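Participant: Hey, dropping my_file00.cif in here, mmCIF, C-alpha atoms and all ligand atoms:
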data_final
loop_
_atom_site.label_atom_id
_atom_site.label_comp_id
_atom_site.auth_asym_id
_atom_site.auth_seq_id
_atom_site.Cartn_x
_atom_site.Cartn_y
_atom_site.Cartn_z
CA MET A 306 6.28 4.51 4.67
CA ASP A 307 9.78 5.88 4.26
CA GLY A 308 12.19 7.34 6.78
CA ASN A 309 12.18 4.82 9.63
CA GLY A 310 15.93 4.26 9.38
CA ARG A 311 16.73 7.99 9.35
CA TRP A 312 14.36 8.63 12.26
CA ALA A 313 16.29 6.08 14.32
CA LYS A 314 19.70 7.32 13.18
CA GLN A 315 18.88 10.90 14.18
CA ARG A 316 18.32 9.58 17.71
CA GLY A 317 21.33 7.28 17.81
CA LEU A 318 19.02 4.24 17.85
CA PRO A 319 19.21 1.02 15.83
CA ARG A 320 17.20 1.05 12.57
CA ILE A 321 14.73 -1.45 13.95
CA GLU A 322 13.61 1.11 16.55
CA GLY A 323 12.54 3.29 13.65
CA HIS A 324 10.51 0.44 12.19
CA ARG A 325 9.00 -0.21 15.61
CA ARG A 326 7.89 3.41 15.80
CA GLY A 327 6.71 3.05 12.20
CA VAL A 328 4.21 0.41 13.33
CA GLU A 329 2.73 2.94 15.77
CA SER A 330 2.30 5.36 12.85
CA VAL A 331 0.50 2.60 10.96
CA ARG A 332 -2.01 2.40 13.84
CA THR A 333 -2.45 6.18 13.95
CA VAL A 334 -2.86 6.53 10.19
CA LEU A 335 -5.33 3.65 10.02
CA ASP A 336 -7.57 5.43 12.53
CA ALA A 337 -7.09 8.79 10.85
CA ALA A 338 -7.94 7.37 7.43
CA ARG A 339 -11.17 5.92 8.77
CA GLU A 340 -12.09 9.21 10.41
CA LEU A 341 -11.42 11.07 7.14
CA GLY A 342 -13.71 8.68 5.27
CA ILE A 343 -10.92 7.09 3.22
CA ARG A 344 -12.30 3.74 2.15
CA TYR A 345 -9.12 2.17 0.77
CA LEU A 346 -5.71 2.56 2.35
CA THR A 347 -2.71 0.77 0.85
CA LEU A 348 0.55 0.62 2.81
CA TYR A 349 3.79 -0.30 1.07
CA ALA A 350 5.20 -2.40 3.91
CA PHE A 351 7.75 -4.60 2.14
CA SER A 352 8.93 -4.50 -1.46
CA VAL A 353 10.40 -7.31 -3.55
CA GLU A 354 13.67 -5.34 -3.36
CA ASN A 355 13.60 -5.17 0.47
CA TRP A 356 14.89 -8.78 0.71
CA LYS A 357 18.29 -7.28 -0.21
CA ARG A 358 18.49 -5.55 3.21
CA PRO A 359 20.67 -7.06 5.96
CA GLN A 360 19.18 -10.35 7.13
CA ASP A 361 18.60 -9.17 10.69
CA GLU A 362 16.59 -6.17 9.43
CA VAL A 363 14.47 -8.38 7.15
CA GLY A 364 13.87 -10.75 10.08
CA ALA A 365 12.94 -7.86 12.35
CA LEU A 366 10.48 -6.48 9.77
CA MET A 367 8.82 -9.88 9.45
CA GLY A 368 8.63 -10.04 13.26
CA LEU A 369 6.99 -6.62 13.39
CA LEU A 370 4.49 -7.62 10.78
CA GLU A 371 3.55 -10.68 12.82
CA PHE A 372 3.36 -8.55 15.98
CA PHE A 373 1.08 -6.06 14.19
CA LEU A 374 -1.24 -8.80 12.94
CA LYS A 375 -1.46 -10.45 16.36
CA ARG A 376 -2.16 -7.17 18.09
CA GLU A 377 -4.38 -5.45 15.52
CA THR A 378 -6.62 -8.15 14.05
CA ALA A 379 -9.17 -7.69 16.86
CA THR A 380 -9.17 -3.93 16.22
CA LEU A 381 -9.68 -4.46 12.49
CA ILE A 382 -12.67 -6.66 13.28
CA ARG A 383 -14.06 -4.15 15.80
CA ASN A 384 -13.72 -1.31 13.28
CA LYS A 385 -15.04 -3.45 10.41
CA VAL A 386 -11.91 -3.05 8.29
CA ARG A 387 -11.26 -5.69 5.65
CA LEU A 388 -7.62 -6.75 5.33
CA ARG A 389 -6.18 -7.51 1.90
CA THR A 390 -2.71 -8.01 0.52
CA ILE A 391 -1.02 -7.41 -2.79
CA GLY A 392 2.33 -9.00 -3.65
CA ARG A 393 3.74 -12.49 -3.65
CA ILE A 394 2.79 -13.46 -0.11
CA GLY A 395 3.67 -17.10 -0.78
CA ASP A 396 7.35 -16.20 -0.21
CA LEU A 397 6.76 -14.73 3.27
CA PRO A 398 7.67 -16.77 6.36
CA ASP A 399 4.99 -19.37 7.24
CA THR A 400 4.04 -17.73 10.55
CA VAL A 401 3.48 -14.33 8.93
CA ARG A 402 1.43 -15.93 6.16
CA LEU A 403 -0.66 -17.84 8.68
CA HIS A 404 -1.52 -14.69 10.64
CA LEU A 405 -2.25 -12.82 7.43
CA GLU A 406 -4.56 -15.54 6.18
CA ARG A 407 -6.39 -15.68 9.51
CA ALA A 408 -6.85 -11.92 9.61
CA MET A 409 -8.01 -11.78 5.98
CA GLU A 410 -10.49 -14.59 6.59
CA ALA A 411 -11.83 -12.93 9.78
CA THR A 412 -12.37 -9.58 8.04
CA SER A 413 -13.41 -10.74 4.57
CA SER A 414 -17.08 -9.75 4.92
CA PHE A 415 -16.45 -6.06 5.68
CA VAL A 416 -17.16 -3.61 2.89
CA ASP A 417 -16.83 -0.06 4.19
CA HIS A 418 -13.07 0.10 4.78
CA THR A 419 -10.20 -1.87 3.28
CA LEU A 420 -6.60 -1.95 4.43
CA VAL A 421 -4.30 -3.30 1.72
CA LEU A 422 -0.83 -4.36 2.78
CA ALA A 423 1.67 -4.43 -0.07
CA LEU A 424 3.98 -7.27 0.98
CA ASN A 425 6.76 -8.68 -1.16
CA TYR A 426 5.22 -6.33 -3.71
CA GLY A 427 6.78 -4.80 -6.79
CA ALA A 428 4.88 -3.29 -9.71
CA ARG A 429 7.13 -4.87 -12.34
CA THR A 430 6.78 -8.33 -10.80
CA GLU A 431 3.03 -7.77 -10.66
CA VAL A 432 2.90 -6.90 -14.37
CA ILE A 433 4.94 -10.00 -15.24
CA ASP A 434 2.59 -12.19 -13.19
CA ALA A 435 -0.44 -10.57 -14.84
CA ALA A 436 1.03 -10.95 -18.36
CA ARG A 437 1.70 -14.61 -17.69
CA ALA A 438 -1.85 -15.21 -16.42
CA TYR A 439 -3.31 -13.23 -19.32
CA ALA A 440 -1.28 -15.20 -21.87
CA ALA A 441 -2.47 -18.45 -20.29
CA ALA A 442 -6.08 -17.21 -20.49
CA VAL A 443 -5.61 -16.34 -24.17
CA ALA A 444 -4.07 -19.77 -24.83
CA ALA A 445 -7.02 -21.42 -23.08
CA GLY A 446 -9.47 -19.43 -25.21
CA LYS A 447 -10.83 -17.48 -22.22
CA GLU A 448 -9.60 -14.13 -23.56
CA LYS A 449 -9.25 -12.88 -27.13
CA LEU A 450 -5.97 -11.16 -27.96
CA ASN A 451 -7.75 -8.87 -30.43
CA ASP A 452 -10.06 -7.61 -27.69
CA SER A 453 -7.18 -6.67 -25.39
CA SER A 454 -7.88 -3.50 -23.45
CA TRP A 455 -6.76 -2.02 -20.17
CA SER A 456 -10.03 -2.97 -18.52
CA THR A 457 -9.51 -6.61 -19.55
CA PHE A 458 -5.80 -6.83 -18.73
CA SER A 459 -6.10 -5.02 -15.39
CA ARG A 460 -8.31 -7.85 -14.14
CA TYR A 461 -5.11 -9.93 -14.01
CA LEU A 462 -3.32 -7.50 -11.71
CA SER A 463 -3.29 -8.15 -7.96
CA THR A 464 -5.50 -5.08 -7.55
CA ALA A 465 -8.24 -6.48 -9.83
CA ASP A 466 -11.02 -5.83 -7.32
CA LEU A 467 -9.59 -2.62 -5.89
CA PRO A 468 -10.03 0.93 -7.18
CA ASP A 469 -7.00 2.81 -8.53
CA PRO A 470 -5.42 5.08 -5.92
CA ASP A 471 -6.54 8.72 -6.04
CA LEU A 472 -3.68 9.92 -3.86
CA VAL A 473 -0.19 8.51 -3.33
CA ILE A 474 1.79 9.88 -0.40
CA ARG A 475 5.51 9.33 0.05
CA THR A 476 7.15 10.37 3.28
CA SER A 477 10.74 11.34 4.17
CA GLY A 478 11.45 13.74 1.30
CA GLU A 479 12.13 11.08 -1.33
CA THR A 480 10.48 11.92 -4.65
CA ARG A 481 10.34 8.58 -6.43
CA LEU A 482 7.82 5.75 -6.75
CA SER A 483 10.15 2.82 -6.05
CA ASN A 484 8.10 0.27 -8.01
CA PHE A 485 4.82 1.04 -6.20
CA LEU A 486 1.50 0.60 -8.09
CA LEU A 487 3.03 1.97 -11.29
CA MET A 488 0.11 1.02 -13.52
CA GLN A 489 -2.66 1.83 -11.04
CA SER A 490 -1.32 5.28 -10.19
CA ALA A 491 -1.31 6.44 -13.82
CA TYR A 492 -3.78 9.20 -12.88
CA ALA A 493 -3.12 9.44 -9.14
CA GLU A 494 -2.19 12.68 -7.44
CA PHE A 495 1.13 12.64 -5.57
CA VAL A 496 2.07 14.30 -2.32
CA PHE A 497 5.70 14.19 -1.23
CA THR A 498 6.26 15.22 2.35
CA PRO A 499 9.55 15.67 4.22
CA VAL A 500 8.01 14.15 7.38
CA LEU A 501 9.66 10.84 8.34
CA TRP A 502 7.17 7.97 8.62
CA PRO A 503 7.50 7.53 12.43
CA ASP A 504 6.52 11.21 12.82
CA PHE A 505 3.68 11.03 10.29
CA GLY A 506 0.36 11.51 12.08
CA LYS A 507 -3.28 12.49 11.68
CA ALA A 508 -2.53 16.13 10.90
CA ASP A 509 -0.08 15.10 8.15
CA LEU A 510 -2.64 12.80 6.54
CA ALA A 511 -5.31 15.48 6.76
CA ALA A 512 -2.91 18.01 5.18
CA ALA A 513 -2.16 15.63 2.30
CA VAL A 514 -5.88 15.08 1.73
CA ALA A 515 -6.49 18.85 1.80
CA GLU A 516 -3.71 19.29 -0.77
CA TYR A 517 -5.35 16.58 -2.90
CA ALA A 518 -8.70 18.38 -2.68
CA ARG A 519 -7.11 21.54 -4.11
CA ARG A 520 -5.90 19.73 -7.22
CA GLU A 521 -7.84 19.64 -10.45
CA ARG A 522 -7.91 16.16 -11.95
CA ARG A 523 -8.38 16.42 -15.67
CA PHE A 524 -7.77 12.85 -16.88
CA GLY A 525 -6.52 14.19 -20.21
CA GLN A 526 -9.32 16.73 -20.67
CA THR A 527 -9.13 20.52 -20.45
CA SER A 528 -10.14 22.55 -17.45
CA ASP A 529 -13.05 24.11 -19.40
CA GLN A 530 -14.40 20.71 -20.33
CA LEU A 531 -14.59 19.79 -16.67
CA THR A 532 -16.40 22.95 -15.61
CA PRO A 533 -18.20 24.12 -18.76
CA THR A 534 -20.25 26.66 -16.84
CA GLY A 535 -17.05 28.15 -15.40
C1 LIG A 601 11.15 2.28 4.74
O1 LIG A 601 11.93 3.08 5.61
C2 LIG A 601 10.34 1.36 5.52
C3 LIG A 601 10.27 0.01 5.32
C4 LIG A 601 11.03 -0.68 4.25
C5 LIG A 601 9.49 -0.86 6.19
C6 LIG A 601 8.15 -0.36 6.61
C7 LIG A 601 7.61 -1.32 7.59
C8 LIG A 601 6.99 -1.00 8.75
C9 LIG A 601 6.63 0.37 9.13
C10 LIG A 601 6.63 -2.07 9.75
C11 LIG A 601 5.78 -3.21 9.30
C12 LIG A 601 4.56 -2.84 8.57
C13 LIG A 601 3.27 -2.95 8.99
C14 LIG A 601 2.16 -2.67 8.05
C15 LIG A 601 2.89 -3.35 10.36
P1 LIG A 601 13.52 2.96 5.61
O2 LIG A 601 13.92 2.02 6.67
O3 LIG A 601 13.99 2.61 4.23
O4 LIG A 601 13.95 4.40 6.01
P2 LIG A 601 15.31 5.12 5.60
O5 LIG A 601 15.19 5.44 4.13
O6 LIG A 601 15.29 6.32 6.47
O7 LIG A 601 16.45 4.19 5.91
#
Would you write out, as structure tokens, the structure that this file holds?
Facilitator:
Amino acid sequence: MDGNGRWAKQRGLPRIEGHRRGVESVRTVLDAARELGIRYLTLYAFSVENWKRPQDEVGALMGLLEFFLKRETATLIRNKVRLRTIGRIGDLPDTVRLHLERAMEATSSFVDHTLVLALNYGARTEVIDAARAYAAAVAAGKEKLNDSSWSTFSRYLSTADLPDPDLVIRTSGETRLSNFLLMQSAYAEFVFTPVLWPDFGKADLAAAVAEYARRERRFGQTSDQLTPTG
């Protein structure tokens, strides 16, 4: 969800105004994703590296997160959307964690749509955590090192019960992954759009999905193997 700062700067506004508008885009995109039949939507809301931002910006982002949870939990329940998180949420401020836990508890039984918030998330940190847990399981005799496979190891990632992303969208013209779901997006399709996150709306999401639908996903195979009849 990149480009909030630039959106604000272009208008001579403080960066936080961009983030505030970014929360409105979150609402719009959540609705749009549901309408498009997208069952899993993951939003990269705060990375492990984002703590390095000025303290007042970090504080404002945490405040917006709390505001979003207070305002949107009822909507998530009404629309039967399950809320999940990935990332080290233990390090978030207590109030944010409390609202997150409440919202996750209240929506835990829903199965059709899942909103995953990546909070204090970083793919490298996630892999370290998973490796540590996997090593402990091997030491305890619960896993066998000789049987190691991706399907076994990936159960120790924070996305264990979530499907890999099919499509990763990055807004604001940046063309990098910035430590987002590096393992899980091994076979994802990528769409990079110049649109700044506060301007990103239903039509932009639909366009990204249409672009995705035009791609041929081969997963290492040849085109002919996928459509042997031509
Ligand atoms: C990146 O844009 C955006 C963020 C680091 C924060 C995104 C957070 C929100 C939209 C609000 C809280 C989230 C939810 C789910 C309610 P940037 O500020 O780095 O933009 P720039 O590159 O233009 O400076």
Participant: Any residue with an atom at most 7 Å from ligand LIG 601 (chain A) counts, using all atoms listed in the file. Which are they? Put them as number ranges by chain.
Facilitator: A: 306-312, 320, 324-325, 327-328, 331, 348, 350-351, 355, 366, 369-370, 373, 422
Participant: Using all atoms listed in the file for the distances, tell me which of A:Ala428, A:Met488, A:Val443, A:Leu501 is nearest to Trp455 in chain A.
Facilitator: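 Selected residue with least distance to Trp455 in chain A: A:Met488.
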Participant: Nearest residue to Glu322 in chain A out of A:Ile394, A:Glu362, A:Leu388, A:Arg339, using only C-alpha atoms?
Facilitator: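 Checking each candidate against Glu322 in chain A, we get A:Glu362 as the closest.
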Participant: Go ahead and find all residues with at least one atom no further than 10 Å from (-10.5, 0.5, 0.0) in the file's coordinates, using only C-alpha atoms; report them as a VMD selection string.
Facilitator: chain A and resid 343 to 347 386 to 389 416 to 421 466 to 470
Participant: How would the residues just picked look written out with C-alpha atoms as a short mmCIF file (atom, residue, chain, number, x, y, z; two decimals), keeping the file's coordinate frame?
Facilitator:
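File written: result_0.cif
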data_model
loop_
_atom_site.label_atom_id
_atom_site.label_comp_id
_atom_site.auth_asym_id
_atom_site.auth_seq_id
_atom_site.Cartn_x
_atom_site.Cartn_y
_atom_site.Cartn_z
CA ILE A 343 -10.92 7.09 3.22
CA ARG A 344 -12.30 3.74 2.15
CA TYR A 345 -9.12 2.17 0.77
CA LEU A 346 -5.71 2.56 2.35
CA THR A 347 -2.71 0.77 0.85
CA VAL A 386 -11.91 -3.05 8.29
CA ARG A 387 -11.26 -5.69 5.65
CA LEU A 388 -7.62 -6.75 5.33
CA ARG A 389 -6.18 -7.51 1.90
CA VAL A 416 -17.16 -3.61 2.89
CA ASP A 417 -16.83 -0.06 4.19
CA HIS A 418 -13.07 0.10 4.78
CA THR A 419 -10.20 -1.87 3.28
CA LEU A 420 -6.60 -1.95 4.43
CA VAL A 421 -4.30 -3.30 1.72
CA ASP A 466 -11.02 -5.83 -7.32
CA LEU A 467 -9.59 -2.62 -5.89
CA PRO A 468 -10.03 0.93 -7.18
CA ASP A 469 -7.00 2.81 -8.53
CA PRO A 470 -5.42 5.08 -5.92
#
Participant: Identify which of the residues A:Ala518, A:Ala438, A:Ile321, A:Leu397 lies closest to Asp471 in chain A, counting only C-alpha atoms when measuring atom-to-atom distances.
Facilitator: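 Of all the options, A:Ala518 lies closest to Asp471 in chain A.
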Participant: Would you mind reading off the distance between CA of Gly317 in chain A and CA of Val363 in chain A, one decimal, in Å?
Facilitator: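 Result for CA of Gly317 in chain A versus CA of Val363 in chain A: 20.1 Å, one decimal.
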Participant: Regenerate range 467-478 of chain A at the level of all heavy atoms and dump it as an mmCIF file, keeping the file's coordinate frame.
Facilitator:
data_model
loop_
_atom_site.group_PDB
_atom_site.id
_atom_site.type_symbol
_atom_site.label_atom_id
_atom_site.label_comp_id
_atom_site.auth_asym_id
_atom_site.auth_seq_id
_atom_site.Cartn_x
_atom_site.Cartn_y
_atom_site.Cartn_z
ATOM 1 N N LEU A 467 -9.808 -3.838 -6.682
ATOM 2 C CA LEU A 467 -9.590 -2.620 -5.890
ATOM 3 C C LEU A 467 -9.594 -1.407 -6.817
ATOM 4 O O LEU A 467 -9.149 -1.506 -7.963
ATOM 5 C CB LEU A 467 -8.221 -2.682 -5.185
ATOM 6 C CG LEU A 467 -8.016 -3.833 -4.195
ATOM 7 C CD1 LEU A 467 -6.539 -3.938 -3.809
ATOM 8 C CD2 LEU A 467 -8.876 -3.627 -2.944
ATOM 9 N N PRO A 468 -10.077 -0.257 -6.322
ATOM 10 C CA PRO A 468 -10.030 0.930 -7.180
ATOM 11 C C PRO A 468 -8.592 1.450 -7.316
ATOM 12 O O PRO A 468 -7.754 1.193 -6.441
ATOM 13 C CB PRO A 468 -10.886 1.953 -6.416
ATOM 14 C CG PRO A 468 -10.841 1.514 -5.001
ATOM 15 C CD PRO A 468 -10.665 0.025 -5.001
ATOM 16 N N ASP A 469 -8.313 2.178 -8.394
ATOM 17 C CA ASP A 469 -7.000 2.810 -8.530
ATOM 18 C C ASP A 469 -6.828 3.850 -7.416
ATOM 19 O O ASP A 469 -7.810 4.469 -7.004
ATOM 20 C CB ASP A 469 -6.893 3.533 -9.887
ATOM 21 C CG ASP A 469 -6.692 2.550 -11.032
ATOM 22 O OD1 ASP A 469 -6.376 1.372 -10.772
ATOM 23 O OD2 ASP A 469 -6.864 2.979 -12.191
ATOM 24 N N PRO A 470 -5.593 4.067 -6.971
ATOM 25 C CA PRO A 470 -5.420 5.080 -5.920
ATOM 26 C C PRO A 470 -5.679 6.487 -6.468
ATOM 27 O O PRO A 470 -5.287 6.810 -7.586
ATOM 28 C CB PRO A 470 -3.957 4.923 -5.511
ATOM 29 C CG PRO A 470 -3.295 4.280 -6.666
ATOM 30 C CD PRO A 470 -4.338 3.432 -7.347
ATOM 31 N N ASP A 471 -6.352 7.313 -5.671
ATOM 32 C CA ASP A 471 -6.540 8.720 -6.040
ATOM 33 C C ASP A 471 -5.336 9.530 -5.595
ATOM 34 O O ASP A 471 -4.952 10.487 -6.252
ATOM 35 C CB ASP A 471 -7.799 9.268 -5.336
ATOM 36 C CG ASP A 471 -9.062 8.642 -5.891
ATOM 37 O OD1 ASP A 471 -9.249 8.680 -7.118
ATOM 38 O OD2 ASP A 471 -9.847 8.089 -5.098
ATOM 39 N N LEU A 472 -4.770 9.142 -4.461
ATOM 40 C CA LEU A 472 -3.680 9.920 -3.860
ATOM 41 C C LEU A 472 -2.584 8.963 -3.400
ATOM 42 O O LEU A 472 -2.860 7.963 -2.727
ATOM 43 C CB LEU A 472 -4.237 10.686 -2.647
ATOM 44 C CG LEU A 472 -3.242 11.366 -1.706
ATOM 45 C CD1 LEU A 472 -2.478 12.480 -2.427
ATOM 46 C CD2 LEU A 472 -3.984 11.952 -0.489
ATOM 47 N N VAL A 473 -1.351 9.275 -3.794
ATOM 48 C CA VAL A 473 -0.190 8.510 -3.330
ATOM 49 C C VAL A 473 0.678 9.449 -2.504
ATOM 50 O O VAL A 473 1.043 10.533 -2.974
ATOM 51 C CB VAL A 473 0.625 7.922 -4.506
ATOM 52 C CG1 VAL A 473 1.888 7.223 -4.002
ATOM 53 C CG2 VAL A 473 -0.223 6.948 -5.324
ATOM 54 N N ILE A 474 0.968 9.050 -1.280
ATOM 55 C CA ILE A 474 1.790 9.880 -0.400
ATOM 56 C C ILE A 474 3.115 9.178 -0.170
ATOM 57 O O ILE A 474 3.131 7.985 0.150
ATOM 58 C CB ILE A 474 1.097 10.070 0.983
ATOM 59 C CG1 ILE A 474 -0.300 10.667 0.824
ATOM 60 C CG2 ILE A 474 1.966 10.935 1.904
ATOM 61 C CD1 ILE A 474 -1.127 10.657 2.120
ATOM 62 N N ARG A 475 4.220 9.896 -0.340
ATOM 63 C CA ARG A 475 5.510 9.330 0.050
ATOM 64 C C ARG A 475 6.141 10.231 1.104
ATOM 65 O O ARG A 475 6.227 11.444 0.910
ATOM 66 C CB ARG A 475 6.459 9.172 -1.126
ATOM 67 C CG ARG A 475 7.783 8.557 -0.643
ATOM 68 C CD ARG A 475 8.527 7.834 -1.689
ATOM 69 N NE ARG A 475 9.666 7.130 -1.085
ATOM 70 C CZ ARG A 475 10.410 6.253 -1.717
ATOM 71 N NH1 ARG A 475 10.147 5.953 -2.964
ATOM 72 N NH2 ARG A 475 11.418 5.668 -1.108
ATOM 73 N N THR A 476 6.556 9.614 2.173
ATOM 74 C CA THR A 476 7.150 10.370 3.280
ATOM 75 C C THR A 476 8.665 10.460 3.126
ATOM 76 O O THR A 476 9.253 9.827 2.255
ATOM 77 C CB THR A 476 6.798 9.700 4.627
ATOM 78 O OG1 THR A 476 7.229 8.343 4.587
ATOM 79 C CG2 THR A 476 5.313 9.759 4.905
ATOM 80 N N SER A 477 9.286 11.248 3.965
ATOM 81 C CA SER A 477 10.740 11.340 4.170
ATOM 82 C C SER A 477 11.490 12.132 3.099
ATOM 83 O O SER A 477 12.717 12.052 3.046
ATOM 84 C CB SER A 477 11.377 9.959 4.332
ATOM 85 O OG SER A 477 11.774 9.420 3.084
ATOM 86 N N GLY A 478 10.775 12.864 2.261
ATOM 87 C CA GLY A 478 11.450 13.740 1.300
ATOM 88 C C GLY A 478 11.929 13.063 0.029
ATOM 89 O O GLY A 478 12.464 13.720 -0.851
#
